[in-house]
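Asks: Mind looking over this structure? Questions follow.
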2 protein chains.
Amino acid sequence: MVAGPTSAGPGKDRLRLWIRLLRASRTIEAELRERLKKEFDTTLPRFDVMAALYRSPEGMLMSDLSRFLLVSNGNVTGIVDRLVSEGLVTRARRNGDRRTSMVRLTEEGSRSFAAIAAAHESWVGELLGNVSEDEARRLAGMLKSFRSNWEGRE
Amino acid sequence: MVAGPTSAGPGKDRLRLWIRLLRASRTIEAELRERLKKEFDTTLPRFDVMAALYRSPEGMLMSDLSRFLLVSNGNVTGIVDRLVSEGLVTRARRNGDRRTSMVRLTEEGSRSFAAIAAAHESWVGELLGNVSEDEARRLAGMLKSFRSNWEGRE
DNA sequence: CTATGAAACTTTAAGCTTGAAATAATTTCC
DNA sequence: GGAAATTATTTCAAGCTTAAAGTTTCATAG
């Protein structure tokens with residue numbers, strides 16, 4: 001998925017775009033993952049879950065998390081399990097529906113996330129430093145329209 | 001890694017760009033993965049390795065593959081193991097240096113890859129259909145310059 | 001009520017991924 | 001030549017990831 005086109009012809013530009021998109025995101029992702037590990041002894045998936053919860057102080061259902069993060073249900077189960085065992089997150093039983101539980105950041109989780117998020121944002125600024133703010137806005141605009149054309153398709 | 005910025009301020013545009021980039025590539029990647037599984041009973045990592053080998057008929061070392069695909073050494077070992085056991089790839093011992101072996105596509109691997117690659121390219125064309133060819137070229141250009149500013153940094 | 005189906009979640013098996021440790025072969029340097 | 005460092009690869013443990021199957025709970029229609 002990271003190799004170049006294997007032949008010339010129509011559709012080539014989109015394929016090339018896809019490959020560059022993928023290489024760029026893999027490169028950045030690898031760097032962020034490494035720093036999260038080294039500086040905060042955590043992982044990208046844990047960070048993702050905490051970021052989602054940080055935006056929803058009232059909590060999120062497992063299925064909310066899975067939908068929002070674009071990963072499978074079973075996946076979220078494991079990550080939340082680990083965050084719970086680390087004391088960063090809680091699963092609160094609900095009165096209404098006993099199948100579900102509200103997942104929330106703990107005090108410690110919230111404090112911990114705030115620190116990591118600050119570093120994370122500055123890392124992204126650094127890693128994308130070669131992209132001007134203006135270019136960043138334009139690129140983001142293109143990617144937004146692309147995404148909205150896609151989400152919830154089938 | 002898929003959530004939005006948690007506050008407003010400078011560096012916001014780059015963070016937003018990064019999040020959109022990541023969401024876009026995850027969405028496309030998930031769709032391609034699913035189709036590869038359903039239509040060809042294979043996976044993205046296997047496809048990646050085969051794509052790299054297809055471009056190098058003379059073969060590649062394990063470390064070449066790992067460097068090119070931006071994944072760890074140990075990772076490639078497992079994927080190549082599976083491809084070998086499926087008869088799609090061979091490890092040829094070398095006379096010169098007995099630590100290394102040349103990894104090559106087999107006849108079958110090559111035939112198999114060509115078919116998958118054709119479908120893959122048309123899928124990407126479809127999935128990026130909302131991006132005009134012109135826009136694709138511009139976006140790819142920006143991503144290229146970004147990448148080259150980055151590769152082999154440290 | 002109560003069965004039937006749907007919904008929310010967990011479990012499982014297989015595979016991907018990493019970083020670190022272990023192996024083996026080669027190169028370098030006295 | 002032989003010790004020491006380097007290089008190429010594999011192995012390992014832990015964690016991430018998915019799809020599919022299983023469990024529990026809820027909703028609904030008789």
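Residue numbering restarts at 1 in every chain; chains get A, B, ... in the order shown in the structure tokens, and ligands count up from 1 in that same order.
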Hey, what's within 10 Å of D:DT28 if we count only C-alpha atoms (C1' of nucleotides) and toss same-chain stuff fewer than 6 positions away? As a list in words, please?
Replies: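 The residues satisfying every condition are DT4, DG5 and DA6 of chain C.
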Asks: Tell me the residues of chain B close to chain C, meaning within 8 Å using only C-alpha atoms (C1' of nucleotides), as a PDB file with N, CA and C atoms, in the first residue's frame.
Replies:
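Saved to selection12.pdb:
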```pdb
ATOM      1  N   PRO B  45      -1.090  -5.781   4.196  1.00  0.00           N
ATOM      2  CA  PRO B  45       0.355  -5.971   4.320  1.00  0.00           C
ATOM      3  C   PRO B  45       0.915  -6.941   3.281  1.00  0.00           C
ATOM      4  N   SER B  72       8.724  -2.355  10.609  1.00  0.00           N
ATOM      5  CA  SER B  72       9.888  -2.912  11.288  1.00  0.00           C
ATOM      6  C   SER B  72      10.367  -4.206  10.620  1.00  0.00           C
ATOM      7  N   ASN B  75       8.444  -7.400  11.569  1.00  0.00           N
ATOM      8  CA  ASN B  75       7.152  -7.408  10.902  1.00  0.00           C
ATOM      9  C   ASN B  75       7.243  -8.093   9.540  1.00  0.00           C
ATOM     10  N   ASP B  97      26.556 -13.396   0.638  1.00  0.00           N
ATOM     11  CA  ASP B  97      26.384 -13.053   2.048  1.00  0.00           C
ATOM     12  C   ASP B  97      25.336 -13.979   2.640  1.00  0.00           C
ATOM     13  N   ARG B  98      25.788 -14.890   3.496  1.00  0.00           N
ATOM     14  CA  ARG B  98      24.858 -15.899   3.977  1.00  0.00           C
ATOM     15  C   ARG B  98      23.888 -15.400   5.054  1.00  0.00           C
ATOM     16  N   ARG B  99      24.031 -14.128   5.450  1.00  0.00           N
ATOM     17  CA  ARG B  99      23.061 -13.597   6.395  1.00  0.00           C
ATOM     18  C   ARG B  99      21.753 -13.259   5.688  1.00  0.00           C
TER      19      ARG B  99
END
```
Asks: Set the cut-off to 10 Å and count only C-alpha atoms (C1' of nucleotides): what are the residues of chain D that reach chain B? Output as a list in words.
Replies: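 Taking only C-alpha atoms (C1' of nucleotides) into account, DT7, DA8, DT9, DT10, DT11, DT18 and DA19 of chain D sit within 10 Å of chain B.
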Asks: Determine which residues of stretch 43-129 of chain A DSSP labels as strand (DSSP E or B) from the backbone of this structure, then write them out as a VMD selection string.
Replies: chain A and resid 60 89 to 93 101 to 105
Asks: Residues at most 10 Å from A:Thr90, counting only C-alpha atoms (C1' of nucleotides), excluding those fewer than 6 positions away in the same chain, as a CSV table (one decimal) with N, CA, C and O atoms, in the first residue's frame?
Replies:
```
chain,number,residue,atom,x,y,z
A,59,GLY,N,-19.4,11.4,29.2
A,59,GLY,CA,-19.1,10.0,29.0
A,59,GLY,C,-19.5,9.5,27.6
A,59,GLY,O,-20.3,10.2,26.9
A,80,VAL,N,-10.1,0.0,26.3
A,80,VAL,CA,-10.7,0.5,27.5
A,80,VAL,C,-10.3,-0.4,28.7
A,80,VAL,O,-10.0,0.1,29.8
A,81,ASP,N,-10.3,-1.7,28.5
A,81,ASP,CA,-9.9,-2.6,29.6
A,81,ASP,C,-8.6,-2.1,30.2
A,81,ASP,O,-8.4,-2.0,31.4
A,83,LEU,N,-7.1,0.8,29.9
A,83,LEU,CA,-7.1,2.1,30.5
A,83,LEU,C,-7.8,2.0,31.9
A,83,LEU,O,-7.4,2.7,32.8
A,84,VAL,N,-8.8,1.2,32.0
A,84,VAL,CA,-9.4,1.0,33.3
A,84,VAL,C,-8.4,0.4,34.3
A,84,VAL,O,-8.3,0.9,35.4
A,101,SER,N,-22.6,0.7,29.4
A,101,SER,CA,-22.0,1.5,30.5
A,101,SER,C,-21.3,2.7,29.9
A,101,SER,O,-20.8,2.7,28.8
A,102,MET,N,-21.4,3.8,30.7
A,102,MET,CA,-20.8,5.0,30.3
A,102,MET,C,-19.3,5.0,30.6
A,102,MET,O,-18.9,4.7,31.8
A,103,VAL,N,-18.5,5.2,29.6
A,103,VAL,CA,-17.0,5.3,29.8
A,103,VAL,C,-16.6,6.7,30.0
A,103,VAL,O,-17.0,7.6,29.2
A,104,ARG,N,-15.9,7.0,31.1
A,104,ARG,CA,-15.5,8.4,31.4
A,104,ARG,C,-14.0,8.4,31.8
A,104,ARG,O,-13.5,7.4,32.3
A,105,LEU,N,-13.4,9.5,31.6
A,105,LEU,CA,-12.0,9.7,32.1
A,105,LEU,C,-12.1,9.9,33.6
A,105,LEU,O,-13.1,10.5,34.1
A,106,THR,N,-11.2,9.4,34.4
A,106,THR,CA,-11.1,9.7,35.8
A,106,THR,C,-10.4,11.0,35.9
A,106,THR,O,-9.9,11.6,35.0
A,109,GLY,N,-7.1,10.5,34.8
A,109,GLY,CA,-7.1,10.4,33.3
A,109,GLY,C,-7.1,11.7,32.6
A,109,GLY,O,-6.5,12.0,31.6
```
Asks: To one decimal place in Å, what is the distance between atom CA of B:Ala52 and atom CA of A:Lys12?
Replies: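 Atom CA of A:Lys12 lies 17.2 Å from atom CA of B:Ala52.
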Asks: Considering only C-alpha atoms, can you say which of B:Ala51, B:Leu32, B:Pro57, B:Glu39 comes closest to chain A?
Replies: B:Ala51
Asks: Report, in Å with one decimal, the straight-line distance from atom CA of A:Glu86 to atom CA of A:Met50.
Replies: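 Distance reported for this atom pair: 12.4 Å.
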Asks: Just how far from atom CA of B:Leu22 is atom CA of A:Ile116, in Å to one decimal?
Replies: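 Atom CA of B:Leu22 lies 18.7 Å from atom CA of A:Ile116.
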Asks: Taking only C-alpha atoms into account, which of A:Arg20, A:Arg91, A:Arg111, A:Arg67 comes nearest chain B?
Replies: A:Arg20
